[in-house]
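Asks: Pasting target00.pdb below, which is PDB, C-alpha atoms.
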```
ATOM      1  CA  MET A 293     -68.036-189.284  37.340  1.00  0.00           C
ATOM      2  CA  TYR A 294     -71.557-188.113  38.049  1.00  0.00           C
ATOM      3  CA  GLY A 295     -73.292-185.898  40.588  1.00  0.00           C
ATOM      4  CA  ARG A 296     -75.472-187.529  43.239  1.00  0.00           C
ATOM      5  CA  ASP A 297     -78.201-184.900  43.769  1.00  0.00           C
ATOM      6  CA  TYR A 298     -81.542-185.574  42.035  1.00  0.00           C
ATOM      7  CA  ALA A 299     -85.094-184.439  42.754  1.00  0.00           C
ATOM      8  CA  GLY A 300     -84.077-182.982  46.115  1.00  0.00           C
ATOM      9  CA  LYS A 301     -82.328-186.165  47.240  1.00  0.00           C
ATOM     10  CA  THR A 302     -78.684-187.143  47.594  1.00  0.00           C
ATOM     11  CA  LEU A 303     -78.416-190.585  46.075  1.00  0.00           C
ATOM     12  CA  ASN A 304     -76.111-193.407  47.103  1.00  0.00           C
ATOM     13  CA  PHE A 305     -75.186-195.673  44.205  1.00  0.00           C
ATOM     14  CA  GLU A 306     -74.172-199.327  44.243  1.00  0.00           C
ATOM     15  CA  PRO A 307     -73.595-201.938  41.525  1.00  0.00           C
ATOM     16  CA  SER A 308     -76.908-203.475  40.500  1.00  0.00           C
ATOM     17  CA  GLY A 309     -75.285-206.724  39.399  1.00  0.00           C
ATOM     18  CA  GLY A 310     -76.566-206.153  35.869  1.00  0.00           C
ATOM     19  CA  LEU A 311     -75.066-204.993  32.583  1.00  0.00           C
ATOM     20  CA  THR A 312     -76.547-203.462  29.467  1.00  0.00           C
ATOM     21  CA  ASN A 313     -74.544-203.921  26.259  1.00  0.00           C
ATOM     22  CA  ALA A 314     -71.528-204.886  28.400  1.00  0.00           C
ATOM     23  CA  SER A 315     -71.786-201.644  30.405  1.00  0.00           C
ATOM     24  CA  LEU A 316     -72.310-201.248  34.120  1.00  0.00           C
ATOM     25  CA  VAL A 317     -75.760-200.482  35.501  1.00  0.00           C
ATOM     26  CA  MET A 318     -75.922-198.854  38.931  1.00  0.00           C
ATOM     27  CA  LEU A 319     -78.784-198.873  41.449  1.00  0.00           C
ATOM     28  CA  ASP A 320     -79.465-196.049  43.863  1.00  0.00           C
ATOM     29  CA  GLN A 321     -80.530-196.954  47.392  1.00  0.00           C
ATOM     30  CA  GLU A 322     -83.023-194.127  47.799  1.00  0.00           C
ATOM     31  CA  THR A 323     -85.358-194.674  44.831  1.00  0.00           C
ATOM     32  CA  ASP A 324     -84.400-198.130  43.487  1.00  0.00           C
ATOM     33  CA  THR A 325     -83.705-196.561  40.109  1.00  0.00           C
ATOM     34  CA  TYR A 326     -81.387-198.323  37.650  1.00  0.00           C
ATOM     35  CA  TRP A 327     -78.833-196.047  35.972  1.00  0.00           C
ATOM     36  CA  SER A 328     -76.803-196.782  32.828  1.00  0.00           C
ATOM     37  CA  LEU A 329     -73.360-195.244  33.266  1.00  0.00           C
ATOM     38  CA  MET A 330     -72.448-195.363  29.566  1.00  0.00           C
ATOM     39  CA  LYS A 331     -75.777-193.884  28.475  1.00  0.00           C
ATOM     40  CA  GLY A 332     -75.957-191.441  31.356  1.00  0.00           C
ATOM     41  CA  LYS A 333     -79.661-192.009  32.034  1.00  0.00           C
ATOM     42  CA  ALA A 334     -82.041-193.888  34.286  1.00  0.00           C
ATOM     43  CA  LEU A 335     -83.356-197.058  32.622  1.00  0.00           C
ATOM     44  CA  ALA A 336     -86.026-198.077  35.130  1.00  0.00           C
ATOM     45  CA  GLY A 337     -87.422-197.094  38.492  1.00  0.00           C
ATOM     46  CA  GLU A 338     -88.797-193.964  40.109  1.00  0.00           C
ATOM     47  CA  LEU A 339     -86.441-191.637  38.228  1.00  0.00           C
ATOM     48  CA  LYS A 340     -86.667-193.376  34.845  1.00  0.00           C
ATOM     49  CA  GLY A 341     -85.678-191.034  32.015  1.00  0.00           C
ATOM     50  CA  GLU A 342     -83.708-188.675  34.241  1.00  0.00           C
ATOM     51  CA  THR A 343     -80.231-187.718  33.044  1.00  0.00           C
ATOM     52  CA  LEU A 344     -77.135-188.039  35.182  1.00  0.00           C
ATOM     53  CA  THR A 345     -75.189-184.827  35.784  1.00  0.00           C
ATOM     54  CA  GLU A 346     -71.639-185.444  34.606  1.00  0.00           C
ATOM     55  CA  LEU A 347     -68.750-183.922  36.563  1.00  0.00           C
ATOM     56  CA  PRO A 348     -65.533-183.199  34.622  1.00  0.00           C
ATOM     57  CA  VAL A 349     -63.225-184.178  37.473  1.00  0.00           C
ATOM     58  CA  GLY A 350     -62.384-187.817  36.819  1.00  0.00           C
ATOM     59  CA  GLU A 351     -58.883-188.753  35.669  1.00  0.00           C
ATOM     60  CA  LYS A 352     -57.891-192.176  34.380  1.00  0.00           C
ATOM     61  CA  MET A 353     -54.273-193.299  34.265  1.00  0.00           C
ATOM     62  CA  SER A 354     -52.023-196.275  34.892  1.00  0.00           C
ATOM     63  CA  TRP A 355     -50.754-197.041  38.381  1.00  0.00           C
ATOM     64  CA  LYS A 356     -47.232-196.161  37.187  1.00  0.00           C
ATOM     65  CA  ALA A 357     -48.355-192.731  35.990  1.00  0.00           C
ATOM     66  CA  TRP A 358     -50.336-192.155  39.186  1.00  0.00           C
ATOM     67  CA  ARG A 359     -47.310-192.979  41.369  1.00  0.00           C
ATOM     68  CA  GLU A 360     -45.175-190.566  39.362  1.00  0.00           C
ATOM     69  CA  LYS A 361     -47.729-187.824  39.940  1.00  0.00           C
ATOM     70  CA  TYR A 362     -48.621-188.732  43.533  1.00  0.00           C
ATOM     71  CA  PRO A 363     -45.613-190.619  44.973  1.00  0.00           C
ATOM     72  CA  GLU A 364     -46.964-190.610  48.555  1.00  0.00           C
ATOM     73  CA  THR A 365     -50.123-192.536  47.629  1.00  0.00           C
ATOM     74  CA  LYS A 366     -51.130-195.337  49.997  1.00  0.00           C
ATOM     75  CA  ILE A 367     -53.086-198.424  48.886  1.00  0.00           C
ATOM     76  CA  LEU A 368     -56.032-199.992  50.673  1.00  0.00           C
ATOM     77  CA  SER A 369     -55.306-203.608  49.727  1.00  0.00           C
ATOM     78  CA  VAL A 370     -57.782-206.427  50.286  1.00  0.00           C
ATOM     79  CA  ASP A 371     -55.959-209.427  48.864  1.00  0.00           C
ATOM     80  CA  GLY A 372     -52.788-208.080  47.270  1.00  0.00           C
ATOM     81  CA  ARG A 373     -54.051-208.412  43.696  1.00  0.00           C
ATOM     82  CA  GLU A 374     -52.270-205.222  42.655  1.00  0.00           C
ATOM     83  CA  ASN A 375     -49.016-207.194  42.759  1.00  0.00           C
ATOM     84  CA  GLY A 376     -50.302-210.024  40.583  1.00  0.00           C
ATOM     85  CA  ARG A 377     -50.819-210.443  36.875  1.00  0.00           C
ATOM     86  CA  ASN A 378     -52.972-208.040  34.882  1.00  0.00           C
ATOM     87  CA  ARG A 379     -56.327-209.790  34.630  1.00  0.00           C
ATOM     88  CA  TYR A 380     -57.335-207.573  31.709  1.00  0.00           C
ATOM     89  CA  ASP A 381     -54.454-208.479  29.385  1.00  0.00           C
ATOM     90  CA  LYS A 382     -56.579-210.885  27.343  1.00  0.00           C
ATOM     91  CA  TYR A 383     -59.452-208.426  27.127  1.00  0.00           C
ATOM     92  CA  PHE A 384     -57.198-205.624  25.886  1.00  0.00           C
ATOM     93  CA  THR A 385     -55.669-207.790  23.140  1.00  0.00           C
ATOM     94  CA  ASP A 386     -58.862-209.545  21.991  1.00  0.00           C
ATOM     95  CA  ALA A 387     -60.514-208.081  18.868  1.00  0.00           C
ATOM     96  CA  LYS A 388     -63.935-208.830  20.362  1.00  0.00           C
ATOM     97  CA  GLY A 389     -65.587-207.174  23.322  1.00  0.00           C
ATOM     98  CA  PHE A 390     -66.730-208.526  26.668  1.00  0.00           C
ATOM     99  CA  ARG A 391     -67.932-212.124  26.286  1.00  0.00           C
ATOM    100  CA  GLY A 392     -67.480-211.930  22.528  1.00  0.00           C
ATOM    101  CA  ILE A 393     -69.734-208.909  21.951  1.00  0.00           C
ATOM    102  CA  THR A 394     -69.090-207.002  18.705  1.00  0.00           C
ATOM    103  CA  ALA A 395     -70.144-203.579  17.443  1.00  0.00           C
ATOM    104  CA  LYS A 396     -73.262-203.374  15.277  1.00  0.00           C
ATOM    105  CA  ASP A 397     -72.206-199.954  13.980  1.00  0.00           C
ATOM    106  CA  GLN A 398     -69.480-200.715  11.434  1.00  0.00           C
ATOM    107  CA  ARG A 399     -68.068-197.206  11.124  1.00  0.00           C
ATOM    108  CA  LEU A 400     -65.243-198.299  13.427  1.00  0.00           C
ATOM    109  CA  GLU A 401     -63.783-201.614  14.533  1.00  0.00           C
ATOM    110  CA  THR A 402     -65.336-203.213  17.619  1.00  0.00           C
ATOM    111  CA  LYS A 403     -62.383-202.452  19.900  1.00  0.00           C
ATOM    112  CA  ALA A 404     -61.335-199.113  18.392  1.00  0.00           C
ATOM    113  CA  PRO A 405     -60.338-196.883  21.349  1.00  0.00           C
ATOM    114  CA  ILE A 406     -62.385-193.674  21.432  1.00  0.00           C
ATOM    115  CA  PHE A 407     -63.201-190.643  23.511  1.00  0.00           C
ATOM    116  CA  ALA A 408     -66.959-190.019  23.691  1.00  0.00           C
ATOM    117  CA  PHE A 409     -69.204-187.515  25.422  1.00  0.00           C
ATOM    118  CA  HIS A 410     -72.776-186.263  25.746  1.00  0.00           C
ATOM    119  CA  ARG A 411     -73.754-182.696  24.915  1.00  0.00           C
ATOM    120  CA  ASN A 412     -77.319-181.325  25.036  1.00  0.00           C
ATOM    121  CA  GLU A 413     -78.894-184.785  24.820  1.00  0.00           C
ATOM    122  CA  LYS A 414     -76.672-185.780  21.872  1.00  0.00           C
ATOM    123  CA  SER A 415     -73.737-188.184  21.748  1.00  0.00           C
ATOM    124  CA  PHE A 416     -70.347-187.675  20.102  1.00  0.00           C
ATOM    125  CA  ALA A 417     -67.194-189.752  19.633  1.00  0.00           C
ATOM    126  CA  ILE A 418     -63.725-189.516  18.103  1.00  0.00           C
ATOM    127  CA  ARG A 419     -60.990-192.110  17.632  1.00  0.00           C
ATOM    128  CA  TYR A 420     -57.934-191.761  19.828  1.00  0.00           C
ATOM    129  CA  THR A 421     -55.699-191.498  16.782  1.00  0.00           C
ATOM    130  CA  ASP A 422     -57.650-188.496  15.482  1.00  0.00           C
ATOM    131  CA  ALA A 423     -57.035-186.561  18.715  1.00  0.00           C
ATOM    132  CA  TYR A 424     -53.237-186.908  18.687  1.00  0.00           C
ATOM    133  CA  GLY A 425     -51.565-183.532  19.083  1.00  0.00           C
ATOM    134  CA  GLY A 426     -54.888-181.836  19.745  1.00  0.00           C
ATOM    135  CA  LYS A 427     -58.130-181.553  17.788  1.00  0.00           C
ATOM    136  CA  ASN A 428     -60.836-178.887  17.803  1.00  0.00           C
ATOM    137  CA  LEU A 429     -64.307-180.075  16.859  1.00  0.00           C
ATOM    138  CA  PRO A 430     -67.417-178.012  16.081  1.00  0.00           C
ATOM    139  CA  LEU A 431     -70.573-178.510  18.126  1.00  0.00           C
ATOM    140  CA  PRO A 432     -74.016-178.394  16.469  1.00  0.00           C
ATOM    141  CA  ASP A 433     -75.225-175.787  18.979  1.00  0.00           C
ATOM    142  CA  GLY A 434     -72.186-173.560  18.413  1.00  0.00           C
ATOM    143  CA  GLY A 435     -68.766-173.425  19.992  1.00  0.00           C
ATOM    144  CA  GLU A 436     -66.138-176.144  19.937  1.00  0.00           C
ATOM    145  CA  VAL A 437     -64.596-178.881  22.029  1.00  0.00           C
ATOM    146  CA  PHE A 438     -60.843-179.360  22.200  1.00  0.00           C
ATOM    147  CA  LEU A 439     -59.411-182.845  22.763  1.00  0.00           C
ATOM    148  CA  TYR A 440     -55.803-183.783  23.383  1.00  0.00           C
ATOM    149  CA  ARG A 441     -53.843-187.033  23.347  1.00  0.00           C
ATOM    150  CA  ILE A 442     -50.379-188.081  22.223  1.00  0.00           C
ATOM    151  CA  ALA A 443     -49.385-191.217  20.357  1.00  0.00           C
ATOM    152  CA  THR A 444     -47.558-192.712  23.353  1.00  0.00           C
ATOM    153  CA  ASP A 445     -50.648-192.562  25.594  1.00  0.00           C
ATOM    154  CA  ASP A 446     -51.893-196.016  26.480  1.00  0.00           C
ATOM    155  CA  ILE A 447     -55.503-197.086  26.944  1.00  0.00           C
ATOM    156  CA  THR A 448     -55.376-196.184  30.637  1.00  0.00           C
ATOM    157  CA  ARG A 449     -54.696-192.474  30.021  1.00  0.00           C
ATOM    158  CA  SER A 450     -57.606-190.035  30.035  1.00  0.00           C
ATOM    159  CA  THR A 451     -58.215-187.743  27.073  1.00  0.00           C
ATOM    160  CA  SER A 452     -57.985-184.072  28.037  1.00  0.00           C
ATOM    161  CA  ALA A 453     -61.250-182.394  26.996  1.00  0.00           C
ATOM    162  CA  PHE A 454     -62.371-178.752  27.063  1.00  0.00           C
ATOM    163  CA  VAL A 455     -65.255-176.686  25.714  1.00  0.00           C
ATOM    164  CA  SER A 456     -65.366-173.099  24.457  1.00  0.00           C
ATOM    165  CA  ALA A 457     -68.093-170.882  23.035  1.00  0.00           C
ATOM    166  CA  SER A 458     -65.420-168.998  21.055  1.00  0.00           C
ATOM    167  CA  GLY A 459     -63.413-171.923  19.700  1.00  0.00           C
ATOM    168  CA  PHE A 460     -59.766-172.953  19.567  1.00  0.00           C
ATOM    169  CA  THR A 461     -56.937-172.065  17.163  1.00  0.00           C
ATOM    170  CA  LYS A 462     -53.491-173.588  16.670  1.00  0.00           C
ATOM    171  CA  THR A 463     -50.904-170.851  16.223  1.00  0.00           C
ATOM    172  CA  GLU A 464     -47.153-171.451  15.875  1.00  0.00           C
ATOM    173  CA  GLY A 465     -47.534-174.953  17.263  1.00  0.00           C
ATOM    174  CA  LYS A 466     -49.589-173.876  20.291  1.00  0.00           C
ATOM    175  CA  TRP A 467     -53.309-174.301  20.902  1.00  0.00           C
ATOM    176  CA  ILE A 468     -55.095-171.113  21.977  1.00  0.00           C
ATOM    177  CA  GLU A 469     -58.622-170.657  23.340  1.00  0.00           C
ATOM    178  CA  ASP A 470     -59.998-167.799  21.274  1.00  0.00           C
ATOM    179  CA  GLY A 471     -62.134-166.173  23.969  1.00  0.00           C
ATOM    180  CA  THR A 472     -59.527-165.792  26.704  1.00  0.00           C
ATOM    181  CA  GLY A 473     -56.312-166.161  24.714  1.00  0.00           C
ATOM    182  CA  ALA A 474     -55.232-168.893  27.151  1.00  0.00           C
ATOM    183  CA  THR A 475     -52.518-171.232  25.855  1.00  0.00           C
ATOM    184  CA  PHE A 476     -52.666-175.009  26.236  1.00  0.00           C
ATOM    185  CA  ASP A 477     -49.740-176.479  28.183  1.00  0.00           C
ATOM    186  CA  ASP A 478     -48.866-179.846  26.643  1.00  0.00           C
ATOM    187  CA  SER A 479     -46.953-181.026  29.705  1.00  0.00           C
ATOM    188  CA  LYS A 480     -49.745-180.235  32.193  1.00  0.00           C
ATOM    189  CA  ARG A 481     -52.501-180.986  29.678  1.00  0.00           C
ATOM    190  CA  SER A 482     -54.483-177.951  30.711  1.00  0.00           C
ATOM    191  CA  PHE A 483     -54.944-174.325  29.701  1.00  0.00           C
ATOM    192  CA  GLU A 484     -53.002-171.717  31.648  1.00  0.00           C
ATOM    193  CA  ASN A 485     -54.676-170.433  34.799  1.00  0.00           C
ATOM    194  CA  ASP A 486     -57.402-173.058  34.317  1.00  0.00           C
ATOM    195  CA  ALA A 487     -59.189-170.454  32.203  1.00  0.00           C
ATOM    196  CA  VAL A 488     -61.004-172.966  29.993  1.00  0.00           C
ATOM    197  CA  LYS A 489     -63.819-175.219  31.164  1.00  0.00           C
ATOM    198  CA  ARG A 490     -63.216-178.959  31.164  1.00  0.00           C
ATOM    199  CA  ILE A 491     -65.883-181.413  30.083  1.00  0.00           C
ATOM    200  CA  GLY A 492     -66.441-184.974  31.178  1.00  0.00           C
ATOM    201  CA  GLY A 493     -66.552-187.952  28.872  1.00  0.00           C
ATOM    202  CA  PHE A 494     -65.588-191.574  28.381  1.00  0.00           C
ATOM    203  CA  ASP A 495     -62.344-193.160  27.293  1.00  0.00           C
ATOM    204  CA  THR A 496     -63.657-196.496  26.099  1.00  0.00           C
ATOM    205  CA  TYR A 497     -64.070-198.852  23.138  1.00  0.00           C
ATOM    206  CA  TRP A 498     -66.337-198.233  20.164  1.00  0.00           C
ATOM    207  CA  TYR A 499     -68.567-201.277  20.746  1.00  0.00           C
ATOM    208  CA  ASN A 500     -69.207-200.343  24.351  1.00  0.00           C
ATOM    209  CA  TRP A 501     -70.223-196.780  23.533  1.00  0.00           C
ATOM    210  CA  SER A 502     -72.054-197.287  20.225  1.00  0.00           C
ATOM    211  CA  LEU A 503     -74.261-200.146  21.469  1.00  0.00           C
ATOM    212  CA  ASN A 504     -75.502-197.916  24.279  1.00  0.00           C
ATOM    213  CA  ASN A 505     -75.594-194.712  22.188  1.00  0.00           C
ATOM    214  CA  PRO A 506     -76.549-195.810  18.644  1.00  0.00           C
ATOM    215  CA  ASP A 507     -77.206-192.251  17.408  1.00  0.00           C
ATOM    216  CA  THR A 508     -73.647-191.121  18.096  1.00  0.00           C
ATOM    217  CA  GLU A 509     -72.129-188.435  15.868  1.00  0.00           C
ATOM    218  CA  LEU A 510     -68.698-189.761  14.901  1.00  0.00           C
ATOM    219  CA  TYR A 511     -66.043-187.208  14.014  1.00  0.00           C
ATOM    220  CA  LEU A 512     -63.825-188.315  11.132  1.00  0.00           C
ATOM    221  CA  PRO A 513     -60.941-186.130   9.884  1.00  0.00           C
ATOM    222  CA  GLU A 514     -61.561-186.819   6.199  1.00  0.00           C
ATOM    223  CA  LYS A 515     -65.013-185.292   6.571  1.00  0.00           C
ATOM    224  CA  GLY A 516     -63.715-182.178   8.264  1.00  0.00           C
ATOM    225  CA  GLU A 517     -66.496-182.436  10.865  1.00  0.00           C
ATOM    226  CA  GLY A 518     -69.063-184.862  12.192  1.00  0.00           C
ATOM    227  CA  SER A 519     -69.933-187.666   9.825  1.00  0.00           C
ATOM    228  CA  GLY A 520     -73.496-188.105  10.980  1.00  0.00           C
ATOM    229  CA  HIS A 521     -75.040-191.338  12.161  1.00  0.00           C
ATOM    230  CA  LYS A 522     -76.878-194.221  10.630  1.00  0.00           C
TER     231      LYS A 522
END
```
Taking this structure as input, can you express it in the form of structure tokens?

Replies:
Amino acid sequence: MYGRDYAGKTLNFEPSGGLTNASLVMLDQETDTYWSLMKGKALAGELKGETLTELPVGEKMSWKAWREKYPETKILSVDGRENGRNRYDKYFTDAKGFRGITAKDQRLETKAPIFAFHRNEKSFAIRYTDAYGGKNLPLPDGGEVFLYRIATDDITRSTSAFVSASGFTKTEGKWIEDGTGATFDDSKRSFENDAVKRIGGFDTYWYNWSLNNPDTELYLPEKGEGSGHK
């Protein structure tokens, strides 16, 4: 999710009808600028080169999980498709990406599920499997990010992501933010009293992210920290 205020204007976004490397490109009505959601920047138009301001408030989950959390939810239904078959089943099980696209960066498989994010004009990614049970990762400019997933999470579940200038430590099975001493609650997937700042990011596939962000720093556990990029 991104903020809408740029250059003194509040922008209204709509689908442009175009894709770049299988990723959605949006068009704002005020300046006719084309924005790459996966890259987080304007590709063409009046605001070309501007960076989108990411808001760490989005939450992705399955309809089942949403209903469990918000049982009184009402649906605005257009044609009843929510009761039909899952039109993405084939896409989820196919080893190739959208319309047969594959990853050029061979550090991971094309459809490897990842969490990825931007930080100070740089791009980072980690495999889902490497974030199971929690993972603290160093940032080049200092501080750390903390990411949390569990093995039973499906592709529709968002990765919980936080940032700290002080870092994170796992003590007696619990993750602690070093600056505030706040403890991470596994069940709520947040730090107590909301004391630690969340960050935004993308739960997506490797091909989709790496084609749009070829200089991504990929965290690999056997390296102990970022592995660098090609």

Asks: Output the residue selection produced by the PyMOL selection byres ((chain A and resi 451-463) around 8) on the file above, formatted as a PyMOL selection string.

Replies: chain A and resi 407+428+434-441+449-450+464-471+481-482+488-493+495

Asks: Please expand the PyMOL selection byres ((chain A and resi 397-406) around 8) into the concrete residues it hits in this file, giving the result as a PDB file with C-alpha atoms, in the coordinates of the input.

Replies:
```
ATOM      1  CA  ALA A 387     -60.514-208.081  18.868  1.00  0.00           C
ATOM      2  CA  LYS A 388     -63.935-208.830  20.362  1.00  0.00           C
ATOM      3  CA  GLY A 389     -65.587-207.174  23.322  1.00  0.00           C
ATOM      4  CA  THR A 394     -69.090-207.002  18.705  1.00  0.00           C
ATOM      5  CA  ALA A 395     -70.144-203.579  17.443  1.00  0.00           C
ATOM      6  CA  LYS A 396     -73.262-203.374  15.277  1.00  0.00           C
ATOM      7  CA  PHE A 407     -63.201-190.643  23.511  1.00  0.00           C
ATOM      8  CA  ALA A 408     -66.959-190.019  23.691  1.00  0.00           C
ATOM      9  CA  ALA A 417     -67.194-189.752  19.633  1.00  0.00           C
ATOM     10  CA  ILE A 418     -63.725-189.516  18.103  1.00  0.00           C
ATOM     11  CA  ARG A 419     -60.990-192.110  17.632  1.00  0.00           C
ATOM     12  CA  TYR A 420     -57.934-191.761  19.828  1.00  0.00           C
ATOM     13  CA  ILE A 447     -55.503-197.086  26.944  1.00  0.00           C
ATOM     14  CA  PHE A 494     -65.588-191.574  28.381  1.00  0.00           C
ATOM     15  CA  ASP A 495     -62.344-193.160  27.293  1.00  0.00           C
ATOM     16  CA  THR A 496     -63.657-196.496  26.099  1.00  0.00           C
ATOM     17  CA  TYR A 497     -64.070-198.852  23.138  1.00  0.00           C
ATOM     18  CA  TRP A 498     -66.337-198.233  20.164  1.00  0.00           C
ATOM     19  CA  TYR A 499     -68.567-201.277  20.746  1.00  0.00           C
ATOM     20  CA  SER A 502     -72.054-197.287  20.225  1.00  0.00           C
ATOM     21  CA  LEU A 503     -74.261-200.146  21.469  1.00  0.00           C
ATOM     22  CA  PRO A 506     -76.549-195.810  18.644  1.00  0.00           C
TER      23      PRO A 506
END
```

Asks: At a cut-off of 12 Å from (-72.1, -201.8, 36.2) in the coordinates of the file, what residues are picked up using only C-alpha atoms, written as a list in words?

Replies: Phe305, Glu306, Pro307, Ser308, Gly309, Gly310, Leu311, Thr312, Asn313, Ala314, Ser315, Leu316, Val317, Met318, Leu319, Tyr326, Trp327, Ser328, Leu329, Met330 and Lys331 of chain A

Asks: Which residue is closest to Asp297 of chain A? Choose from A:Lys414, A:Glu346, A:Gly341, A:Tyr424 and count all atoms listed in the file.

Replies: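 Going through A:Lys414, A:Glu346, A:Gly341, A:Tyr424 one by one, the smallest distance to Asp297 of chain A is for A:Glu346.
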
Asks: Of the residues A:Ala299, A:Pro513, A:Asp445, A:Ile367, which is the one nearest to Leu429 of chain A, using all atoms listed in the file?

Replies: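 Counting all atoms listed in the file, the residue closest to Leu429 of chain A is A:Pro513.
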
Asks: When you draw a straight line from atom CA of Thr475 of chain A to atom CA of Gly426 of chain A, how long is it in Å?

Replies: 12.5 Å

Asks: Rank nothing, just name the residue among A:Thr385, A:Thr472, A:Thr448, A:Asn504 nearest to Gly332 of chain A, using all atoms listed in the file.

Replies: A:Asn504

Asks: Quick one: what's the axis-aligned box for segment 319-335 of chain A, all listed atoms, 3 Å on every side, centre and edges in Å to one decimal, as lines of an AutoDock Vina configuration file?

Replies:
```
center_x = -78.9
center_y = -195.2
center_z = 38.1
size_x = 18.9
size_y = 13.4
size_z = 25.3
```

Asks: Here is a test: counting only C-alpha atoms, which residue of A:Arg391, A:Gly425, A:Thr345, A:Asp320 is nearest to Tyr294 of chain A?

Replies: A:Thr345
